[in-house]
Amino acid sequence: MRVVIAPDCFGGTLTAREVAEAVAEGWRRTAPDDELHLRPLADGGPGFVDVLHAALGGTLHTTTVTGPLGTPVQARWLEHDGCAYIESAQACGLHLIPSDQRPRTAETATTRGVGELVNAARDAHTIVVGLGGSGTTDGGAGLRETVQPVTARLVAAADVENPLLGPHGAARTFGPQKGASPEAVQRLEARLAAMDELADVRDLPGAGAAGGLGAALMALGATVASGAGMVRELTRLDDALDHADLAVTGEGSFDWQSLRGKLVTAVAAGSAERGLPCVVLAGQVTVGKREAAAAGVQESYAVAEHAGSVERSMADPAGTLADLAAEVARQWSHPRT
């Protein structure tokens with residue numbers, strides 16, 4: 001069989017490349033004759049720049065910017081064919097905030113460093129800002145205070161389709177993941193609602209991406225694109241799917257948010273267009289079979305369930321993922337007819 005292995009990262013544990021290699025290692029234990037094509041991907045969040053650099057080439061630039069806690073961090077952006085690709089998570093990512101500090105920083109973490117990255121790339125004709133994996137919910141206030149007048153075309157490559165406000169908005173949906181208490185979520189929601197400069201874009205899909213950074217970029221004139229769709233196109237994923245018998249994708253948590261613009265759904269959609277089966281390997285799975293099938297996913301498998309617990313899977317993320325992949329290969333690999 002020809003198997004395309006096209007995962008996102010497992011946030012905080014494995015990069016997309018490491019996920020793909022672990023799946024391939026396990027798959028080969030069971031089906032050594034299968035032809036595996038590794039296509040690590042991203043949806044605008046962590047790994048966005050590295051995935052595009054691997055696919056496109058170009059020049060990587062390293063810039064010192066303000067991190068989410070106000071201290072300097074090193075961030076890389078990619079220049080290719082006159083276009084700049086920025087990964088917001090490199091400047092304001094949740095991984096840059098120690099877990100024990102998140103309850104205290106959920107209301108104060110800043111996107112200032114993302115604005116500094118945009119300034120560093122201002123000579124490009126197009127600046128694409130990948131959104132996702134942020135530790136911020138400042139509505140892009142830090143970016144808006146920092147960004148100099150931009151003549152380049154701006155594109156917000158969003159990893160989700162959430163609006164800015166409401167039950168599916170930036171504060172209520174993602175605030176708790178960033179350490180915000182219920183009271184803090186209420187304050188963040190009120191603060192975002194009071195940002196008059198975002199009023200015209202607050203209801204647009206993607207406005208809630210990266211804690212409202214999507215809305216801030218839209219207010220600056222950015223067009224919105226699916227980060228997953230963009231990566232799918234630029235990495236020529238469809239060419240690989242054209243010649244595949246099976247697609248294997250995955251992410252850290254396959255949940256309801258996965259169905260709102262995340263990478264897994266882009267891979268599943270491309271597979272469905274070709275009548276190609278697609279399976280998901282994830283750290284944890286909470287999407288029901290019916291919802292998964294509607295998104296084009298034939299089956300989903302949880303590493304935590306296969307390993308026996310979340311703790312066991314986290315103790316050896318690559319090894320337990322490889323073990324799961326070996327089991328999945330027993331179910332899906334078969335001789336070409």
# chains A, B, ... in the order shown; residues from 1 in each chain; ligands from 1
call {"tool": "residues_around", "arguments": {"residues": "Val310 of chain A", "least_positions_apart": "4", "cutoff": "12 Å", "atoms": "only C-alpha atoms", "output": "NGL selection string"}}
result
:A and (252-253 or 282-285 or 302-306 or 314-317 or 320-321)
call {"tool": "write_last_selection", "arguments": {"atoms": "all heavy atoms", "output": "JSON list (two decimals), in the first residue's frame"}}
result
[["chain", "number", "residue", "atom", "x", "y", "z"],
["A", 252, "GLY", "N", -2.59, 16.34, 18.70],
["A", 252, "GLY", "CA", -2.57, 16.02, 20.11],
["A", 252, "GLY", "C", -3.92, 15.64, 20.66],
["A", 252, "GLY", "O", -4.05, 14.66, 21.41],
["A", 253, "SER", "N", -4.95, 16.42, 20.31],
["A", 253, "SER", "CA", -6.30, 16.14, 20.80],
["A", 253, "SER", "C", -7.27, 16.28, 19.64],
["A", 253, "SER", "O", -7.42, 17.36, 19.06],
["A", 253, "SER", "CB", -6.68, 17.13, 21.92],
["A", 253, "SER", "OG", -8.00, 16.90, 22.37],
["A", 282, "ALA", "N", -4.41, 10.25, 17.47],
["A", 282, "ALA", "CA", -4.32, 11.43, 18.32],
["A", 282, "ALA", "C", -3.96, 11.04, 19.74],
["A", 282, "ALA", "O", -4.16, 9.89, 20.15],
["A", 282, "ALA", "CB", -5.64, 12.20, 18.31],
["A", 283, "GLY", "N", -3.44, 12.01, 20.48],
["A", 283, "GLY", "CA", -3.16, 11.74, 21.88],
["A", 283, "GLY", "C", -4.42, 11.33, 22.61],
["A", 283, "GLY", "O", -4.45, 10.34, 23.34],
["A", 284, "GLN", "N", -5.48, 12.12, 22.41],
["A", 284, "GLN", "CA", -6.78, 11.83, 22.98],
["A", 284, "GLN", "C", -7.84, 12.08, 21.92],
["A", 284, "GLN", "O", -7.67, 12.94, 21.06],
["A", 284, "GLN", "CB", -7.06, 12.69, 24.21],
["A", 284, "GLN", "CG", -6.06, 12.49, 25.35],
["A", 284, "GLN", "CD", -6.39, 13.30, 26.57],
["A", 284, "GLN", "OE1", -7.40, 13.07, 27.24],
["A", 284, "GLN", "NE2", -5.54, 14.26, 26.88],
["A", 285, "VAL", "N", -8.96, 11.36, 22.00],
["A", 285, "VAL", "CA", -10.05, 11.49, 21.05],
["A", 285, "VAL", "C", -11.35, 11.69, 21.80],
["A", 285, "VAL", "O", -11.71, 10.88, 22.66],
["A", 285, "VAL", "CB", -10.16, 10.25, 20.14],
["A", 285, "VAL", "CG1", -11.40, 10.33, 19.26],
["A", 285, "VAL", "CG2", -8.91, 10.08, 19.29],
["A", 302, "ALA", "N", -6.91, 6.73, 19.88],
["A", 302, "ALA", "CA", -6.29, 7.53, 20.92],
["A", 302, "ALA", "C", -5.07, 6.82, 21.50],
["A", 302, "ALA", "O", -5.15, 5.66, 21.91],
["A", 302, "ALA", "CB", -7.29, 7.82, 22.03],
["A", 303, "VAL", "N", -3.95, 7.52, 21.53],
["A", 303, "VAL", "CA", -2.74, 6.95, 22.12],
["A", 303, "VAL", "C", -2.96, 6.67, 23.60],
["A", 303, "VAL", "O", -2.55, 5.62, 24.11],
["A", 303, "VAL", "CB", -1.54, 7.92, 21.95],
["A", 303, "VAL", "CG1", -0.29, 7.33, 22.59],
["A", 303, "VAL", "CG2", -1.29, 8.21, 20.47],
["A", 304, "ALA", "N", -3.62, 7.59, 24.30],
["A", 304, "ALA", "CA", -3.84, 7.41, 25.74],
["A", 304, "ALA", "C", -4.64, 6.14, 26.02],
["A", 304, "ALA", "O", -4.33, 5.40, 26.96],
["A", 304, "ALA", "CB", -4.56, 8.63, 26.31],
["A", 305, "GLU", "N", -5.65, 5.89, 25.22],
["A", 305, "GLU", "CA", -6.46, 4.69, 25.42],
["A", 305, "GLU", "C", -5.64, 3.43, 25.15],
["A", 305, "GLU", "O", -5.71, 2.45, 25.89],
["A", 305, "GLU", "CB", -7.68, 4.74, 24.51],
["A", 305, "GLU", "CG", -8.60, 3.54, 24.65],
["A", 305, "GLU", "CD", -9.84, 3.65, 23.76],
["A", 305, "GLU", "OE1", -10.14, 4.77, 23.30],
["A", 305, "GLU", "OE2", -10.48, 2.61, 23.52],
["A", 306, "HIS", "N", -4.84, 3.46, 24.08],
["A", 306, "HIS", "CA", -4.04, 2.29, 23.73],
["A", 306, "HIS", "C", -2.96, 2.03, 24.77],
["A", 306, "HIS", "O", -2.64, 0.87, 25.10],
["A", 306, "HIS", "CB", -3.40, 2.48, 22.36],
["A", 306, "HIS", "CG", -2.73, 1.26, 21.82],
["A", 306, "HIS", "ND1", -1.37, 1.06, 21.93],
["A", 306, "HIS", "CD2", -3.21, 0.16, 21.19],
["A", 306, "HIS", "CE1", -1.05, -0.09, 21.37],
["A", 306, "HIS", "NE2", -2.14, -0.66, 20.92],
["A", 314, "MET", "N", 2.12, 10.07, 27.93],
["A", 314, "MET", "CA", 2.97, 11.25, 28.03],
["A", 314, "MET", "C", 4.39, 10.90, 28.48],
["A", 314, "MET", "O", 5.33, 11.63, 28.18],
["A", 314, "MET", "CB", 2.36, 12.24, 29.01],
["A", 314, "MET", "CG", 1.05, 12.85, 28.55],
["A", 314, "MET", "SD", 1.23, 13.89, 27.08],
["A", 314, "MET", "CE", 2.03, 15.33, 27.80],
["A", 315, "ALA", "N", 4.54, 9.78, 29.18],
["A", 315, "ALA", "CA", 5.87, 9.38, 29.63],
["A", 315, "ALA", "C", 6.77, 8.99, 28.47],
["A", 315, "ALA", "O", 8.00, 9.15, 28.54],
["A", 315, "ALA", "CB", 5.75, 8.22, 30.62],
["A", 316, "ASP", "N", 6.18, 8.49, 27.39],
["A", 316, "ASP", "CA", 6.94, 8.10, 26.20],
["A", 316, "ASP", "C", 6.08, 8.39, 24.97],
["A", 316, "ASP", "O", 5.54, 7.47, 24.35],
["A", 316, "ASP", "CB", 7.31, 6.62, 26.27],
["A", 316, "ASP", "CG", 8.13, 6.16, 25.07],
["A", 316, "ASP", "OD1", 8.62, 7.03, 24.31],
["A", 316, "ASP", "OD2", 8.27, 4.94, 24.88],
["A", 317, "PRO", "N", 5.91, 9.67, 24.61],
["A", 317, "PRO", "CA", 4.97, 10.00, 23.55],
["A", 317, "PRO", "C", 5.29, 9.38, 22.20],
["A", 317, "PRO", "O", 4.40, 8.88, 21.52],
["A", 317, "PRO", "CB", 5.02, 11.54, 23.48],
["A", 317, "PRO", "CG", 6.27, 11.93, 24.19],
["A", 317, "PRO", "CD", 6.52, 10.87, 25.20],
["A", 320, "THR", "N", 4.81, 5.31, 22.53],
["A", 320, "THR", "CA", 3.42, 4.87, 22.61],
["A", 320, "THR", "C", 2.67, 5.16, 21.31],
["A", 320, "THR", "O", 1.78, 4.40, 20.92],
["A", 320, "THR", "CB", 2.70, 5.53, 23.80],
["A", 320, "THR", "OG1", 2.88, 6.96, 23.75],
["A", 320, "THR", "CG2", 3.25, 5.01, 25.12],
["A", 321, "LEU", "N", 3.04, 6.25, 20.64],
["A", 321, "LEU", "CA", 2.42, 6.54, 19.34],
["A", 321, "LEU", "C", 2.84, 5.49, 18.32],
["A", 321, "LEU", "O", 2.01, 5.01, 17.52],
["A", 321, "LEU", "CB", 2.82, 7.93, 18.87],
["A", 321, "LEU", "CG", 2.34, 8.35, 17.47],
["A", 321, "LEU", "CD1", 0.82, 8.29, 17.36],
["A", 321, "LEU", "CD2", 2.85, 9.76, 17.13]]
call {"tool": "residues_around", "arguments": {"residues": "Ala171 of chain A", "least_positions_apart": "2", "cutoff": "12 Å", "atoms": "only C-alpha atoms", "output": "ChimeraX atom specification"}}
result
/A:106-107,135-139,162-169,173-193,207-213
call {"tool": "write_last_selection", "arguments": {"atoms": "C-alpha atoms", "output": "PDB file, in the first residue's frame"}}
result
ATOM      1  CA  ALA A 106      -3.818  34.449  31.261  1.00  0.00           C
ATOM      2  CA  GLU A 107      -4.993  38.073  31.412  1.00  0.00           C
ATOM      3  CA  GLY A 135      -0.830  31.901  25.233  1.00  0.00           C
ATOM      4  CA  THR A 136      -2.567  35.248  24.790  1.00  0.00           C
ATOM      5  CA  THR A 137      -6.109  36.615  24.842  1.00  0.00           C
ATOM      6  CA  ASP A 138      -5.368  40.304  24.352  1.00  0.00           C
ATOM      7  CA  GLY A 139      -7.339  40.787  21.143  1.00  0.00           C
ATOM      8  CA  ASN A 162     -14.106  30.817  15.834  1.00  0.00           C
ATOM      9  CA  PRO A 163     -15.480  34.369  16.148  1.00  0.00           C
ATOM     10  CA  LEU A 164     -14.072  36.816  18.684  1.00  0.00           C
ATOM     11  CA  LEU A 165     -16.911  36.738  21.224  1.00  0.00           C
ATOM     12  CA  GLY A 166     -19.563  34.402  22.573  1.00  0.00           C
ATOM     13  CA  PRO A 167     -19.623  30.752  23.590  1.00  0.00           C
ATOM     14  CA  HIS A 168     -17.280  29.795  20.747  1.00  0.00           C
ATOM     15  CA  GLY A 169     -15.154  32.931  21.038  1.00  0.00           C
ATOM     16  CA  THR A 173     -13.321  28.593  24.270  1.00  0.00           C
ATOM     17  CA  PHE A 174      -9.570  29.016  24.604  1.00  0.00           C
ATOM     18  CA  GLY A 175      -9.119  31.044  27.791  1.00  0.00           C
ATOM     19  CA  PRO A 176      -9.333  28.041  30.130  1.00  0.00           C
ATOM     20  CA  GLN A 177      -6.677  26.234  28.077  1.00  0.00           C
ATOM     21  CA  LYS A 178      -4.366  29.183  28.772  1.00  0.00           C
ATOM     22  CA  GLY A 179      -4.936  29.094  32.512  1.00  0.00           C
ATOM     23  CA  ALA A 180      -7.838  31.525  32.821  1.00  0.00           C
ATOM     24  CA  SER A 181     -10.228  30.923  35.714  1.00  0.00           C
ATOM     25  CA  PRO A 182     -13.996  31.324  35.147  1.00  0.00           C
ATOM     26  CA  GLU A 183     -13.748  34.828  36.597  1.00  0.00           C
ATOM     27  CA  ALA A 184     -10.797  35.661  34.364  1.00  0.00           C
ATOM     28  CA  VAL A 185     -12.697  34.377  31.329  1.00  0.00           C
ATOM     29  CA  GLN A 186     -15.515  36.803  32.121  1.00  0.00           C
ATOM     30  CA  ARG A 187     -13.069  39.702  32.410  1.00  0.00           C
ATOM     31  CA  LEU A 188     -11.332  38.741  29.160  1.00  0.00           C
ATOM     32  CA  GLU A 189     -14.665  38.498  27.334  1.00  0.00           C
ATOM     33  CA  ALA A 190     -15.675  41.951  28.586  1.00  0.00           C
ATOM     34  CA  ARG A 191     -12.311  43.410  27.601  1.00  0.00           C
ATOM     35  CA  LEU A 192     -12.552  41.993  24.080  1.00  0.00           C
ATOM     36  CA  ALA A 193     -16.140  43.241  23.727  1.00  0.00           C
ATOM     37  CA  ALA A 207     -11.534  36.530  14.471  1.00  0.00           C
ATOM     38  CA  GLY A 208     -11.093  34.514  17.663  1.00  0.00           C
ATOM     39  CA  ALA A 209      -7.941  32.766  16.467  1.00  0.00           C
ATOM     40  CA  ALA A 210      -4.877  33.174  18.708  1.00  0.00           C
ATOM     41  CA  GLY A 211      -6.821  34.969  21.417  1.00  0.00           C
ATOM     42  CA  GLY A 212      -8.277  37.581  19.086  1.00  0.00           C
ATOM     43  CA  LEU A 213      -5.100  38.135  17.101  1.00  0.00           C
TER      44      LEU A 213
END
call {"tool": "residues_around", "arguments": {"residues": "segment 144-149 of chain A", "least_positions_apart": "6", "cutoff": "8 Å", "atoms": "only C-alpha atoms", "output": "list in words"}}
result
Arg112, Gly115, Glu116, Val118, Asn119 and Ala216 of chain A
call {"tool": "atom_distance", "arguments": {"atom1": "atom CA of Gly296 of chain A", "atom2": "atom CA of Arg28 of chain A"}}
result
25.1 Å
call {"tool": "residues_around", "arguments": {"residues": "Phe10 of chain A", "least_positions_apart": "6", "cutoff": "12 Å", "atoms": "only C-alpha atoms", "output": "PyMOL selection string"}}
result
chain A and resi 16-20+22+40-42+45-47+133+249-254+263-264+281-284+303+313-314+317-318+321
call {"tool": "write_last_selection", "arguments": {"atoms": "N, CA, C and O atoms", "output": "compact mmCIF listing (two decimals), in the first residue's frame"}}
result
# COMPACT_ATOMS: atom_id res chain seq x y z
N ALA A 16 5.53 17.95 14.35
CA ALA A 16 4.87 17.20 13.27
C ALA A 16 5.82 16.20 12.64
O ALA A 16 5.43 15.07 12.31
N ARG A 17 7.08 16.57 12.48
CA ARG A 17 8.07 15.65 11.93
C ARG A 17 8.25 14.45 12.85
O ARG A 17 8.31 13.30 12.40
N GLU A 18 8.34 14.68 14.15
CA GLU A 18 8.50 13.59 15.10
C GLU A 18 7.28 12.68 15.13
O GLU A 18 7.40 11.46 15.27
N VAL A 19 6.09 13.27 15.00
CA VAL A 19 4.87 12.47 14.94
C VAL A 19 4.91 11.57 13.71
O VAL A 19 4.65 10.36 13.79
N ALA A 20 5.22 12.15 12.55
CA ALA A 20 5.25 11.37 11.31
C ALA A 20 6.26 10.23 11.40
O ALA A 20 5.99 9.10 10.97
N ALA A 22 7.38 8.75 14.15
CA ALA A 22 6.93 7.73 15.10
C ALA A 22 5.87 6.84 14.47
O ALA A 22 5.89 5.60 14.65
N PRO A 40 4.76 15.87 7.17
CA PRO A 40 4.40 16.62 8.37
C PRO A 40 3.82 17.98 7.99
O PRO A 40 4.32 18.66 7.10
N LEU A 41 2.76 18.37 8.68
CA LEU A 41 2.00 19.56 8.31
C LEU A 41 1.77 20.47 9.52
O LEU A 41 2.18 20.17 10.63
N ALA A 42 1.10 21.58 9.29
CA ALA A 42 0.72 22.52 10.34
C ALA A 42 -0.51 23.26 9.86
O ALA A 42 -0.85 23.24 8.68
N GLY A 45 -0.49 27.14 13.46
CA GLY A 45 0.06 27.13 14.80
C GLY A 45 1.50 26.64 14.81
O GLY A 45 2.23 26.78 13.82
N PRO A 46 1.96 26.08 15.93
CA PRO A 46 3.34 25.63 16.05
C PRO A 46 3.77 24.71 14.90
O PRO A 46 3.06 23.79 14.53
N GLY A 47 4.95 25.00 14.35
CA GLY A 47 5.47 24.22 13.24
C GLY A 47 5.20 24.83 11.88
O GLY A 47 5.73 24.35 10.87
N GLY A 133 -1.96 28.21 18.74
CA GLY A 133 -1.05 27.84 19.81
C GLY A 133 -0.62 29.00 20.69
O GLY A 133 0.40 28.91 21.38
N THR A 249 -3.50 10.84 9.48
CA THR A 249 -3.21 12.16 10.02
C THR A 249 -3.35 12.10 11.53
O THR A 249 -3.60 11.05 12.11
N GLY A 250 -3.16 13.23 12.19
CA GLY A 250 -3.27 13.22 13.63
C GLY A 250 -2.90 14.54 14.26
O GLY A 250 -2.39 15.46 13.61
N GLU A 251 -3.19 14.65 15.56
CA GLU A 251 -2.87 15.82 16.36
C GLU A 251 -2.96 15.43 17.83
O GLU A 251 -3.36 14.31 18.15
N GLY A 252 -2.59 16.34 18.70
CA GLY A 252 -2.57 16.02 20.11
C GLY A 252 -3.92 15.64 20.66
O GLY A 252 -4.05 14.66 21.41
N SER A 253 -4.95 16.42 20.31
CA SER A 253 -6.30 16.14 20.80
C SER A 253 -7.27 16.28 19.64
O SER A 253 -7.42 17.36 19.06
N PHE A 254 -7.94 15.20 19.30
CA PHE A 254 -8.95 15.20 18.25
C PHE A 254 -10.28 15.44 18.95
O PHE A 254 -10.91 14.54 19.48
N LEU A 263 -6.04 21.16 11.10
CA LEU A 263 -5.31 20.44 10.06
C LEU A 263 -5.94 19.09 9.71
O LEU A 263 -6.02 18.71 8.54
N VAL A 264 -6.39 18.37 10.72
CA VAL A 264 -6.94 17.03 10.49
C VAL A 264 -8.08 17.08 9.48
O VAL A 264 -8.19 16.21 8.60
N LEU A 281 -4.78 9.41 14.21
CA LEU A 281 -4.11 8.98 15.43
C LEU A 281 -3.87 10.23 16.27
O LEU A 281 -3.22 11.17 15.80
N ALA A 282 -4.41 10.25 17.47
CA ALA A 282 -4.32 11.43 18.32
C ALA A 282 -3.96 11.04 19.74
O ALA A 282 -4.16 9.89 20.15
N GLY A 283 -3.44 12.01 20.48
CA GLY A 283 -3.16 11.74 21.88
C GLY A 283 -4.42 11.33 22.61
O GLY A 283 -4.45 10.34 23.34
N GLN A 284 -5.48 12.12 22.41
CA GLN A 284 -6.78 11.83 22.98
C GLN A 284 -7.84 12.08 21.92
O GLN A 284 -7.67 12.94 21.06
N VAL A 303 -3.95 7.52 21.53
CA VAL A 303 -2.74 6.95 22.12
C VAL A 303 -2.96 6.67 23.60
O VAL A 303 -2.55 5.62 24.11
N SER A 313 1.06 7.51 28.23
CA SER A 313 1.33 8.02 26.88
C SER A 313 2.26 9.21 26.92
O SER A 313 3.13 9.36 26.06
N MET A 314 2.12 10.07 27.93
CA MET A 314 2.97 11.25 28.03
C MET A 314 4.39 10.90 28.48
O MET A 314 5.33 11.63 28.18
N PRO A 317 5.91 9.67 24.61
CA PRO A 317 4.97 10.00 23.55
C PRO A 317 5.29 9.38 22.20
O PRO A 317 4.40 8.88 21.52
N ALA A 318 6.57 9.36 21.82
CA ALA A 318 6.93 8.76 20.52
C ALA A 318 6.76 7.25 20.55
O ALA A 318 6.24 6.65 19.60
N LEU A 321 3.04 6.25 20.64
CA LEU A 321 2.42 6.54 19.34
C LEU A 321 2.84 5.49 18.32
O LEU A 321 2.01 5.01 17.52
call {"tool": "closest_atom_pairs", "arguments": {"of": "segment 126-228 of chain A", "to": "segment 70-88 of chain A", "cutoff": "10 Å", "atoms": "only C-alpha atoms", "output": "Markdown table"}}
result
| residue | atom | partner | partner_atom | distance |
| --- | --- | --- | --- | --- |
| A:Thr126 | CA | A:Cys83 | CA | 4.9 |
| A:Ile127 | CA | A:Ala84 | CA | 4.8 |
| A:Val128 | CA | A:Tyr85 | CA | 4.8 |
| A:Val129 | CA | A:Ile86 | CA | 4.7 |
| A:Gly130 | CA | A:Glu87 | CA | 4.7 |
| A:Leu131 | CA | A:Ser88 | CA | 5.7 |
| A:Gly132 | CA | A:Ser88 | CA | 7.1 |
| A:Gly133 | CA | A:Ser88 | CA | 8.1 |
| A:Ser134 | CA | A:Ser88 | CA | 7.2 |
| A:Ala152 | CA | A:Cys83 | CA | 9.3 |
| A:Arg153 | CA | A:Cys83 | CA | 9.4 |
| A:Leu154 | CA | A:Ala84 | CA | 9.7 |
| A:Val155 | CA | A:Tyr85 | CA | 9.5 |
| A:Ala156 | CA | A:Ile86 | CA | 9.8 |
| A:Ala157 | CA | A:Glu87 | CA | 9.4 |
| A:Ala210 | CA | A:Ser88 | CA | 8.1 |
| A:Leu213 | CA | A:Ser88 | CA | 9.0 |
call {"tool": "residues_around", "arguments": {"residues": "segment 243-245 of chain A", "least_positions_apart": "3", "cutoff": "12 Å", "atoms": "only C-alpha atoms", "output": "number ranges by chain"}}
result
A: 1-6, 34-38, 237-240, 248, 270-272, 274-279, 332-337
call {"tool": "write_last_selection", "arguments": {"atoms": "N, CA, C and O atoms", "output": "CSV table (one decimal), in the first residue's frame"}}
result
chain,number,residue,atom,x,y,z
A,1,MET,N,0.8,-1.2,0.0
A,1,MET,CA,0.0,0.0,0.0
A,1,MET,C,0.9,1.2,0.0
A,1,MET,O,2.0,1.3,0.5
A,2,ARG,N,0.3,2.3,-0.6
A,2,ARG,CA,0.9,3.6,-0.5
A,2,ARG,C,0.2,4.4,0.6
A,2,ARG,O,-1.0,4.6,0.5
A,3,VAL,N,0.9,4.7,1.7
A,3,VAL,CA,0.3,5.4,2.8
A,3,VAL,C,0.9,6.8,3.0
A,3,VAL,O,2.1,6.9,3.1
A,4,VAL,N,0.1,7.8,3.0
A,4,VAL,CA,0.5,9.2,3.2
A,4,VAL,C,0.3,9.5,4.7
A,4,VAL,O,-0.8,9.4,5.2
A,5,ILE,N,1.4,9.8,5.4
A,5,ILE,CA,1.4,10.1,6.8
A,5,ILE,C,1.5,11.6,7.0
A,5,ILE,O,2.6,12.2,6.8
A,6,ALA,N,0.4,12.3,7.3
A,6,ALA,CA,0.4,13.8,7.2
A,6,ALA,C,-0.2,14.3,8.5
A,6,ALA,O,-1.3,14.8,8.5
A,34,ASP,N,4.9,-1.7,2.9
A,34,ASP,CA,4.1,-0.6,2.5
A,34,ASP,C,5.0,0.6,2.2
A,34,ASP,O,6.1,0.8,2.7
A,35,GLU,N,4.6,1.4,1.2
A,35,GLU,CA,5.3,2.6,0.8
A,35,GLU,C,4.8,3.8,1.5
A,35,GLU,O,3.7,4.2,1.3
A,36,LEU,N,5.6,4.3,2.4
A,36,LEU,CA,5.2,5.4,3.3
A,36,LEU,C,5.7,6.8,2.8
A,36,LEU,O,6.9,6.9,2.5
A,37,HIS,N,4.8,7.7,2.7
A,37,HIS,CA,5.2,9.1,2.3
A,37,HIS,C,4.9,10.0,3.5
A,37,HIS,O,3.8,10.2,3.9
A,38,LEU,N,6.0,10.5,4.1
A,38,LEU,CA,5.8,11.4,5.3
A,38,LEU,C,5.6,12.8,4.9
A,38,LEU,O,6.5,13.4,4.2
A,237,LEU,N,0.2,18.7,-0.8
A,237,LEU,CA,-0.3,17.5,-0.2
A,237,LEU,C,-1.2,16.7,-1.2
A,237,LEU,O,-1.2,15.5,-1.2
A,238,ASP,N,-2.0,17.4,-2.0
A,238,ASP,CA,-2.9,16.8,-2.9
A,238,ASP,C,-2.2,15.9,-3.9
A,238,ASP,O,-2.7,14.8,-4.3
A,239,ASP,N,-1.0,16.2,-4.3
A,239,ASP,CA,-0.2,15.4,-5.2
A,239,ASP,C,0.1,14.0,-4.6
A,239,ASP,O,0.0,13.0,-5.3
A,240,ALA,N,0.4,14.1,-3.3
A,240,ALA,CA,0.7,12.8,-2.6
A,240,ALA,C,-0.6,12.0,-2.4
A,240,ALA,O,-0.6,10.8,-2.6
A,248,VAL,N,-3.1,8.9,6.7
A,248,VAL,CA,-3.0,8.8,8.2
A,248,VAL,C,-2.7,10.2,8.7
A,248,VAL,O,-1.6,10.8,8.3
A,270,GLY,N,-9.3,16.4,1.8
A,270,GLY,CA,-8.6,16.0,0.6
A,270,GLY,C,-8.7,14.6,0.3
A,270,GLY,O,-8.8,14.2,-0.9
A,271,SER,N,-8.7,13.8,1.3
A,271,SER,CA,-8.9,12.3,1.1
A,271,SER,C,-10.3,12.0,0.6
A,271,SER,O,-10.5,11.2,-0.3
A,272,ALA,N,-11.3,12.6,1.2
A,272,ALA,CA,-12.7,12.4,0.8
A,272,ALA,C,-12.9,12.7,-0.7
A,272,ALA,O,-13.7,12.1,-1.4
A,274,ARG,N,-11.1,12.2,-3.0
A,274,ARG,CA,-10.6,11.2,-3.8
A,274,ARG,C,-11.1,9.8,-3.5
A,274,ARG,O,-10.6,8.8,-4.0
A,275,GLY,N,-12.1,9.8,-2.6
A,275,GLY,CA,-12.6,8.5,-2.2
A,275,GLY,C,-11.6,7.7,-1.4
A,275,GLY,O,-11.6,6.4,-1.4
A,276,LEU,N,-10.7,8.4,-0.7
A,276,LEU,CA,-9.6,7.7,0.0
A,276,LEU,C,-9.8,7.6,1.4
A,276,LEU,O,-10.3,8.6,2.1
A,277,PRO,N,-9.7,6.5,2.1
A,277,PRO,CA,-9.9,6.4,3.5
A,277,PRO,C,-8.9,7.2,4.3
A,277,PRO,O,-7.7,7.3,3.9
A,278,CYS,N,-9.3,7.8,5.4
A,278,CYS,CA,-8.5,8.6,6.2
A,278,CYS,C,-8.7,8.2,7.7
A,278,CYS,O,-9.8,8.1,8.1
A,279,VAL,N,-7.6,8.0,8.4
A,279,VAL,CA,-7.7,7.6,9.8
A,279,VAL,C,-6.9,8.6,10.6
A,279,VAL,O,-5.9,9.2,10.1
A,332,TRP,N,-5.4,-1.8,8.8
A,332,TRP,CA,-5.6,-1.1,7.6
A,332,TRP,C,-4.7,-1.4,6.4
A,332,TRP,O,-5.0,-1.2,5.3
A,333,SER,N,-3.6,-2.0,6.7
A,333,SER,CA,-2.7,-2.4,5.7
A,333,SER,C,-3.1,-3.7,5.0
A,333,SER,O,-3.5,-4.7,5.7
A,334,HIS,N,-3.1,-3.7,3.7
A,334,HIS,CA,-3.4,-5.0,3.0
A,334,HIS,C,-2.8,-4.9,1.7
A,334,HIS,O,-2.4,-3.9,1.1
A,335,PRO,N,-2.5,-6.1,1.1
A,335,PRO,CA,-1.9,-6.1,-0.2
A,335,PRO,C,-2.7,-5.4,-1.3
A,335,PRO,O,-3.9,-5.4,-1.3
A,336,ARG,N,-2.0,-4.7,-2.2
A,336,ARG,CA,-2.6,-4.1,-3.3
A,336,ARG,C,-3.3,-5.1,-4.2
A,336,ARG,O,-2.7,-6.1,-4.5
A,337,THR,N,-4.5,-4.8,-4.6
A,337,THR,CA,-5.3,-5.8,-5.5
A,337,THR,C,-5.3,-5.2,-6.9
A,337,THR,O,-5.1,-4.1,-7.1
call {"tool": "select_by_dssp", "arguments": {"residues": "segment 103-336 of chain A", "states": "strand (DSSP E or B)", "output": "VMD selection string"}}
result
chain A and resid 126 to 130 134 153 to 158 223 to 226 246 to 254 278 to 285 299 to 302
call {"tool": "closest_residue", "arguments": {"among": "A:Ala266, A:Ala292, A:Leu117, A:Val287", "to": "Glu233 of chain A", "atoms": "only C-alpha atoms"}}
result
A:Ala266
call {"tool": "select_by_dssp", "arguments": {"residues": "segment 27-167 of chain A", "states": "alpha helix (DSSP H)", "output": "ChimeraX atom specification"}}
result
/A:27-30,48-56,89-92,102-105,112-120,141-146
call {"tool": "closest_residue", "arguments": {"among": "A:Thr13, A:Thr151, A:Thr62, A:Thr110", "to": "Ile97 of chain A", "atoms": "only C-alpha atoms"}}
result
A:Thr110
